[in-house]
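Structure data follow from model_31.tsv (TSV, C-alpha atoms):
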```
chain	number	residue	atom	x	y	z
A	1	SER	CA	0.00	0.00	0.00
A	2	GLN	CA	1.05	3.57	-0.53
A	3	THR	CA	2.19	5.77	2.34
A	4	ILE	CA	3.34	9.34	2.61
A	5	HIS	CA	5.74	10.64	5.24
A	6	GLN	CA	6.42	14.20	6.28
A	7	TRP	CA	8.90	15.48	8.76
A	8	PRO	CA	9.39	17.09	11.11
A	9	ALA	CA	5.92	17.17	12.68
A	10	THR	CA	6.59	20.48	14.42
A	11	LEU	CA	9.24	23.13	13.93
A	12	VAL	CA	10.02	26.44	15.59
A	13	GLN	CA	12.41	28.65	13.67
A	14	PRO	CA	13.59	32.26	14.09
A	15	VAL	CA	12.94	34.88	11.45
A	16	GLY	CA	15.66	34.87	8.82
A	17	SER	CA	16.66	31.25	9.34
A	18	PRO	CA	16.55	28.66	6.53
A	19	LEU	CA	13.91	25.98	6.15
A	20	SER	CA	13.84	22.48	4.77
A	21	LEU	CA	10.76	20.27	4.99
A	22	GLU	CA	10.84	16.81	3.47
A	23	CYS	CA	8.13	14.57	2.10
A	24	THR	CA	8.50	11.05	0.74
A	25	VAL	CA	6.01	8.67	-0.79
A	26	GLU	CA	6.29	4.89	-0.71
A	27	GLY	CA	4.51	2.18	-2.65
A	28	THR	CA	3.99	4.03	-5.92
A	29	SER	CA	6.05	5.40	-8.76
A	30	ASN	CA	5.94	8.72	-10.61
A	31	PRO	CA	3.36	10.30	-8.29
A	32	ASN	CA	2.16	13.86	-8.67
A	33	LEU	CA	3.36	15.70	-5.57
A	34	TYR	CA	1.96	18.82	-3.92
A	35	TRP	CA	2.82	21.27	-1.16
A	36	TYR	CA	-0.09	23.05	0.51
A	37	ARG	CA	-0.15	25.59	3.35
A	38	GLN	CA	-3.06	25.83	5.76
A	39	ALA	CA	-3.22	28.99	7.84
A	40	ALA	CA	-5.46	29.12	10.90
A	41	GLY	CA	-9.09	29.56	9.94
A	42	ARG	CA	-8.37	29.10	6.25
A	43	GLY	CA	-8.57	26.42	3.68
A	44	LEU	CA	-5.68	24.86	1.85
A	45	GLN	CA	-3.54	27.03	-0.38
A	46	LEU	CA	-1.57	25.25	-3.10
A	47	LEU	CA	2.08	26.34	-3.07
A	48	PHE	CA	3.84	23.99	-5.48
A	49	TYR	CA	3.15	20.88	-7.49
A	50	SER	CA	5.32	18.48	-9.44
A	51	VAL	CA	4.46	15.93	-12.11
A	52	GLY	CA	7.97	14.51	-12.33
A	53	ILE	CA	11.60	14.73	-11.22
A	54	GLY	CA	12.90	18.27	-11.55
A	55	GLN	CA	9.51	19.59	-12.72
A	56	ILE	CA	8.14	22.18	-10.30
A	57	SER	CA	5.22	24.54	-10.81
A	58	SER	CA	4.67	27.43	-8.44
A	59	GLU	CA	1.19	28.67	-7.73
A	60	VAL	CA	1.89	31.58	-5.41
A	61	PRO	CA	4.87	33.97	-5.49
A	62	GLN	CA	6.68	33.86	-2.15
A	63	ASN	CA	10.04	33.32	-0.55
A	64	LEU	CA	9.58	29.54	-0.58
A	65	SER	CA	10.91	27.10	-3.16
A	66	ALA	CA	10.43	23.42	-3.87
A	67	SER	CA	12.58	20.70	-5.33
A	68	ARG	CA	12.09	17.11	-6.41
A	69	PRO	CA	15.51	15.46	-6.42
A	70	GLN	CA	14.08	11.94	-6.61
A	71	ASP	CA	10.87	10.44	-7.97
A	72	ARG	CA	9.20	10.08	-4.58
A	73	GLN	CA	10.87	12.92	-2.66
A	74	PHE	CA	9.56	16.48	-2.47
A	75	ILE	CA	11.31	19.20	-0.49
A	76	LEU	CA	10.04	22.62	0.57
A	77	SER	CA	12.74	25.18	1.32
A	78	SER	CA	13.36	28.76	2.21
A	79	LYS	CA	16.61	30.70	2.51
A	80	LYS	CA	15.19	33.21	5.00
A	81	LEU	CA	11.93	32.66	6.86
A	82	LEU	CA	9.41	35.42	7.45
A	83	LEU	CA	6.88	35.63	10.28
A	84	SER	CA	4.15	35.21	7.68
A	85	ASP	CA	5.56	31.79	6.76
A	86	SER	CA	4.10	30.32	9.95
A	87	GLY	CA	1.42	27.74	9.27
A	88	PHE	CA	0.60	24.11	8.76
A	89	TYR	CA	2.36	22.64	5.73
A	90	LEU	CA	0.90	19.62	4.04
A	91	CYS	CA	2.41	17.38	1.43
A	92	ALA	CA	0.09	15.35	-0.79
A	93	TRP	CA	0.23	12.99	-3.74
A	94	ASN	CA	-2.01	11.43	-6.34
A	95	GLY	CA	-1.43	9.02	-9.16
A	96	VAL	CA	-3.51	10.81	-11.76
A	97	VAL	CA	-4.05	14.58	-11.81
A	98	HIS	CA	-7.84	14.33	-11.51
A	99	SER	CA	-7.83	11.80	-8.70
A	100	PRO	CA	-8.28	12.70	-5.03
A	101	LEU	CA	-5.29	13.66	-2.92
A	102	HIS	CA	-3.57	11.63	-0.23
A	103	PHE	CA	-2.13	13.88	2.44
A	104	GLY	CA	0.68	13.50	4.90
A	105	ASN	CA	0.21	14.46	8.53
A	106	GLY	CA	1.71	17.88	8.05
A	107	THR	CA	4.39	20.05	9.64
A	108	ARG	CA	3.39	22.79	12.08
A	109	LEU	CA	5.87	25.64	11.47
A	110	THR	CA	6.11	28.54	13.87
A	111	VAL	CA	8.39	31.40	12.90
A	112	THR	CA	9.35	33.53	15.88
B	113	THR	CA	-13.01	36.44	-3.59
B	114	GLN	CA	-13.40	32.92	-2.22
B	115	LEU	CA	-14.32	30.57	-5.08
B	116	LEU	CA	-15.86	27.99	-2.75
B	117	GLU	CA	-17.89	29.19	0.19
B	118	GLN	CA	-18.48	26.77	3.02
B	119	SER	CA	-21.11	27.33	5.67
B	120	PRO	CA	-21.33	27.40	8.51
B	121	GLN	CA	-17.71	28.06	9.43
B	122	PHE	CA	-18.22	26.66	12.94
B	123	LEU	CA	-20.83	24.24	14.25
B	124	SER	CA	-21.15	22.87	17.77
B	125	ILE	CA	-23.90	20.34	18.43
B	126	GLN	CA	-24.88	17.62	20.86
B	127	GLU	CA	-24.44	13.94	20.19
B	128	GLY	CA	-27.45	12.52	18.35
B	129	GLU	CA	-28.37	15.70	16.49
B	130	ASN	CA	-28.50	15.99	12.70
B	131	LEU	CA	-26.60	18.62	10.75
B	132	THR	CA	-25.98	19.85	7.23
B	133	VAL	CA	-22.97	21.75	5.93
B	134	TYR	CA	-22.88	23.51	2.60
B	135	CYS	CA	-20.35	24.17	-0.12
B	136	ASN	CA	-21.41	26.82	-2.63
B	137	SER	CA	-19.91	28.45	-5.68
B	138	SER	CA	-20.87	30.47	-8.73
B	139	SER	CA	-18.55	28.27	-10.79
B	140	VAL	CA	-19.26	24.88	-12.34
B	141	PHE	CA	-17.06	22.01	-11.24
B	142	SER	CA	-16.32	18.75	-13.02
B	143	SER	CA	-16.26	17.01	-9.66
B	144	LEU	CA	-16.28	17.83	-5.98
B	145	GLN	CA	-14.40	16.12	-3.19
B	146	TRP	CA	-15.16	16.13	0.54
B	147	TYR	CA	-12.38	15.62	3.08
B	148	ARG	CA	-12.33	15.38	6.87
B	149	GLN	CA	-9.34	16.65	8.83
B	150	GLU	CA	-8.61	15.97	12.49
B	151	PRO	CA	-6.32	18.25	14.54
B	152	GLY	CA	-2.65	17.78	13.73
B	153	GLU	CA	-3.32	15.50	10.79
B	154	GLY	CA	-3.78	15.80	7.05
B	155	PRO	CA	-7.20	15.74	5.39
B	156	VAL	CA	-8.63	12.35	4.48
B	157	LEU	CA	-10.92	11.88	1.50
B	158	LEU	CA	-14.53	10.98	2.33
B	159	VAL	CA	-16.15	10.99	-1.09
B	160	THR	CA	-16.00	12.33	-4.64
B	161	VAL	CA	-19.18	13.36	-6.45
B	162	VAL	CA	-19.10	13.74	-10.20
B	163	THR	CA	-22.58	13.81	-11.68
B	164	GLY	CA	-25.05	16.68	-11.20
B	165	GLY	CA	-27.75	15.62	-8.74
B	166	GLU	CA	-25.67	12.71	-7.50
B	167	VAL	CA	-26.26	11.47	-3.96
B	168	LYS	CA	-23.73	9.29	-2.15
B	169	LYS	CA	-24.09	7.74	1.27
B	170	LEU	CA	-21.29	6.76	3.61
B	171	LYS	CA	-22.90	5.23	6.71
B	172	ARG	CA	-24.49	8.24	8.49
B	173	LEU	CA	-23.08	10.76	6.01
B	174	THR	CA	-25.03	11.77	2.90
B	175	PHE	CA	-23.37	13.84	0.19
B	176	GLN	CA	-25.23	15.59	-2.59
B	177	PHE	CA	-23.91	17.34	-5.69
B	178	GLY	CA	-26.15	20.09	-7.04
B	179	ASP	CA	-27.89	19.62	-10.37
B	180	ALA	CA	-25.83	22.45	-11.89
B	181	ARG	CA	-22.59	21.12	-10.31
B	182	LYS	CA	-22.02	24.43	-8.52
B	183	ASP	CA	-22.78	23.37	-4.98
B	184	SER	CA	-22.78	20.43	-2.64
B	185	SER	CA	-24.01	19.48	0.80
B	186	LEU	CA	-23.01	17.04	3.50
B	187	HIS	CA	-25.69	15.81	5.88
B	188	ILE	CA	-24.79	13.87	9.02
B	189	THR	CA	-27.47	11.91	10.82
B	190	ALA	CA	-27.25	11.25	14.56
B	191	ALA	CA	-23.85	12.88	14.94
B	192	GLN	CA	-21.30	11.24	17.23
B	193	PRO	CA	-18.23	12.70	18.98
B	194	GLY	CA	-16.08	10.79	16.50
B	195	ASP	CA	-17.51	12.98	13.72
B	196	THR	CA	-15.69	15.99	15.20
B	197	GLY	CA	-13.28	17.56	12.75
B	198	LEU	CA	-12.79	20.05	9.93
B	199	TYR	CA	-14.84	19.23	6.85
B	200	LEU	CA	-13.36	20.57	3.63
B	201	CYS	CA	-14.87	20.61	0.18
B	202	ALA	CA	-12.69	20.89	-2.91
B	203	GLY	CA	-13.92	21.63	-6.41
B	204	ALA	CA	-12.13	20.42	-9.52
B	205	ARG	CA	-12.12	22.33	-12.79
B	206	GLY	CA	-10.28	22.13	-16.09
B	207	GLY	CA	-8.18	19.36	-17.55
B	208	GLY	CA	-4.59	18.53	-18.37
B	209	SER	CA	-2.25	21.35	-17.46
B	210	ASN	CA	-5.27	23.55	-16.71
B	211	TYR	CA	-6.59	21.28	-13.98
B	212	LYS	CA	-7.33	23.18	-10.76
B	213	LEU	CA	-8.50	21.89	-7.40
B	214	THR	CA	-9.80	24.64	-5.11
B	215	PHE	CA	-10.49	24.12	-1.42
B	216	GLY	CA	-13.08	25.87	0.69
B	217	LYS	CA	-12.15	27.20	4.13
B	218	GLY	CA	-13.91	24.33	5.84
B	219	THR	CA	-16.57	23.78	8.48
B	220	LEU	CA	-15.23	23.03	11.95
B	221	LEU	CA	-17.65	20.59	13.56
B	222	THR	CA	-17.66	19.80	17.27
B	223	VAL	CA	-19.97	17.06	18.53
B	224	ASN	CA	-20.34	17.16	22.29
B	225	PRO	CA	-21.09	13.96	24.20
```
Before anything else, please render the file you have as C-alpha cells.
Amino acid sequence: SQTIHQWPATLVQPVGSPLSLECTVEGTSNPNLYWYRQAAGRGLQLLFYSVGIGQISSEVPQNLSASRPQDRQFILSSKKLLLSDSGFYLCAWNGVVHSPLHFGNGTRLTVT
Amino acid sequence: TQLLEQSPQFLSIQEGENLTVYCNSSSVFSSLQWYRQEPGEGPVLLVTVVTGGEVKKLKRLTFQFGDARKDSSLHITAAQPGDTGLYLCAGARGGGSNYKLTFGKGTLLTVNP
C-alpha cells in the first residue's frame, strides 16, 4: 500500500533562518506531488506541485521554493523565513491529476 | 473572492443531532471532493461526487452534488463525537495542465457527548 511521510511534525524557527521540509512517498512510482499551506481559519492554499523529477510549478509567489531530487521525494525550502511563513504545511500525492489527494500528517511551522 | 464558500464556518452540536454543511460556488465544477481533517493530521478523503444531482451515502453521512454542479451538501445523521473535525470541500475544474483543485475554508464541527 502507498504511504506518505512528512517530517518534522513540528518546527520552531527564528525569522531569517533557513527551512527544509521533506516529504517522501512509498509504494507508488511517478506520483504527482503537492505542497499546501493551511493557515489558521483558512482552507488549503496550493504552493507547489510536481508531475515529475525536476519539474516544479509554483502557484503563489513567495520566498519559498520546492525541489524534487528523486521520484518520490519532495522538499520545501526557504533561505530566510518570514513571520508570515508560519502555518501548517501539508504534502500530498495522487497518481492521476484528476484523482483525489492523499495527504501526509503535516508540519506545524512557527516562525518567531 | 473565495471561489468555494463553506457554511457554517463553525458548528457545535450535541451527540445525536442531525446537521448539514454547505459548499457553494458560482462556478461549475467537473467534480467535488469532501475531506475530513482531524487536529494535527492531514485531510482524508470521504467521497467524490461527479454527476449533477448525485447522492452518495457513507454510513451516516449523505453527500449531494447540485444539479448544476455548482454546490454540494453534506448531511450527518445522529452525529457522534467521532464525527468531530474540519470538513473541507474541494472543487475540480479544467483538464490537463489547466486542472485546478480549489479548497473551501472548511466547516469546523464539534460534537459534544
**Proximity to Ala40 of chain A - best of B:Arg181, B:Lys171, B:Arg148, B:Lys217, all atoms listed in the file** = B:Lys217
**Request:** Could you list, as number ranges by chain, the residues of chain A having an atom within 6 Å of chain B when counting all atoms listed in the file?
**Result:** A: 42-44, 103-106
Okay, now the selection with C-alpha atoms, as a compact mmCIF listing (two decimals), in the frame of the given file?
```txt
# COMPACT_ATOMS: atom_id res chain seq x y z
CA ARG A 42 -8.37 29.10 6.25
CA GLY A 43 -8.57 26.42 3.68
CA LEU A 44 -5.68 24.86 1.85
CA PHE A 103 -2.13 13.88 2.44
CA GLY A 104 0.68 13.50 4.90
CA ASN A 105 0.21 14.46 8.53
CA GLY A 106 1.71 17.88 8.05
```
**Asked** From the set B:Gln192, B:Thr132, B:Ser119, B:Asn210, which residue has the shortest atom-to-atom contact distance to Phe175 of chain B, counting only C-alpha atoms?
**Response**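 The answer is B:Thr132, which sits nearest to Phe175 of chain B.
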**Fill in**
In Å and to one decimal, atom CA of Ser1 of chain A is distant from atom CA of Cys91 of chain A by 17.6 Å
**Item:** Test item: residues at most 7 Å from Tyr89 of chain A, all atoms listed in the file, excluding those fewer than 5 positions along its chain, as a list in words
**Value:**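 Near Tyr89 of chain A, the qualifying residues are Tyr36, Arg37, Gln38, Gly106, Thr107 and Arg108 of chain A.
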**Exercise: residues within 12 Å of coordinate (9.0, 28.7, -8.5), counting only C-alpha atoms, as a PyMOL selection string** = chain A and resi 47-50+54-67+76-78
For Phe74 of chain A, find every residue with an atom within 7 Å (counting all atoms listed in the file), except residues of its own chain fewer than 3 positions away, and show them as a compact mmCIF listing (two decimals) with C-alpha atoms, keeping the file's coordinate frame.
```txt
# COMPACT_ATOMS: atom_id res chain seq x y z
CA GLU A 22 10.84 16.81 3.47
CA CYS A 23 8.13 14.57 2.10
CA THR A 24 8.50 11.05 0.74
CA LEU A 33 3.36 15.70 -5.57
CA SER A 67 12.58 20.70 -5.33
CA ARG A 68 12.09 17.11 -6.41
```
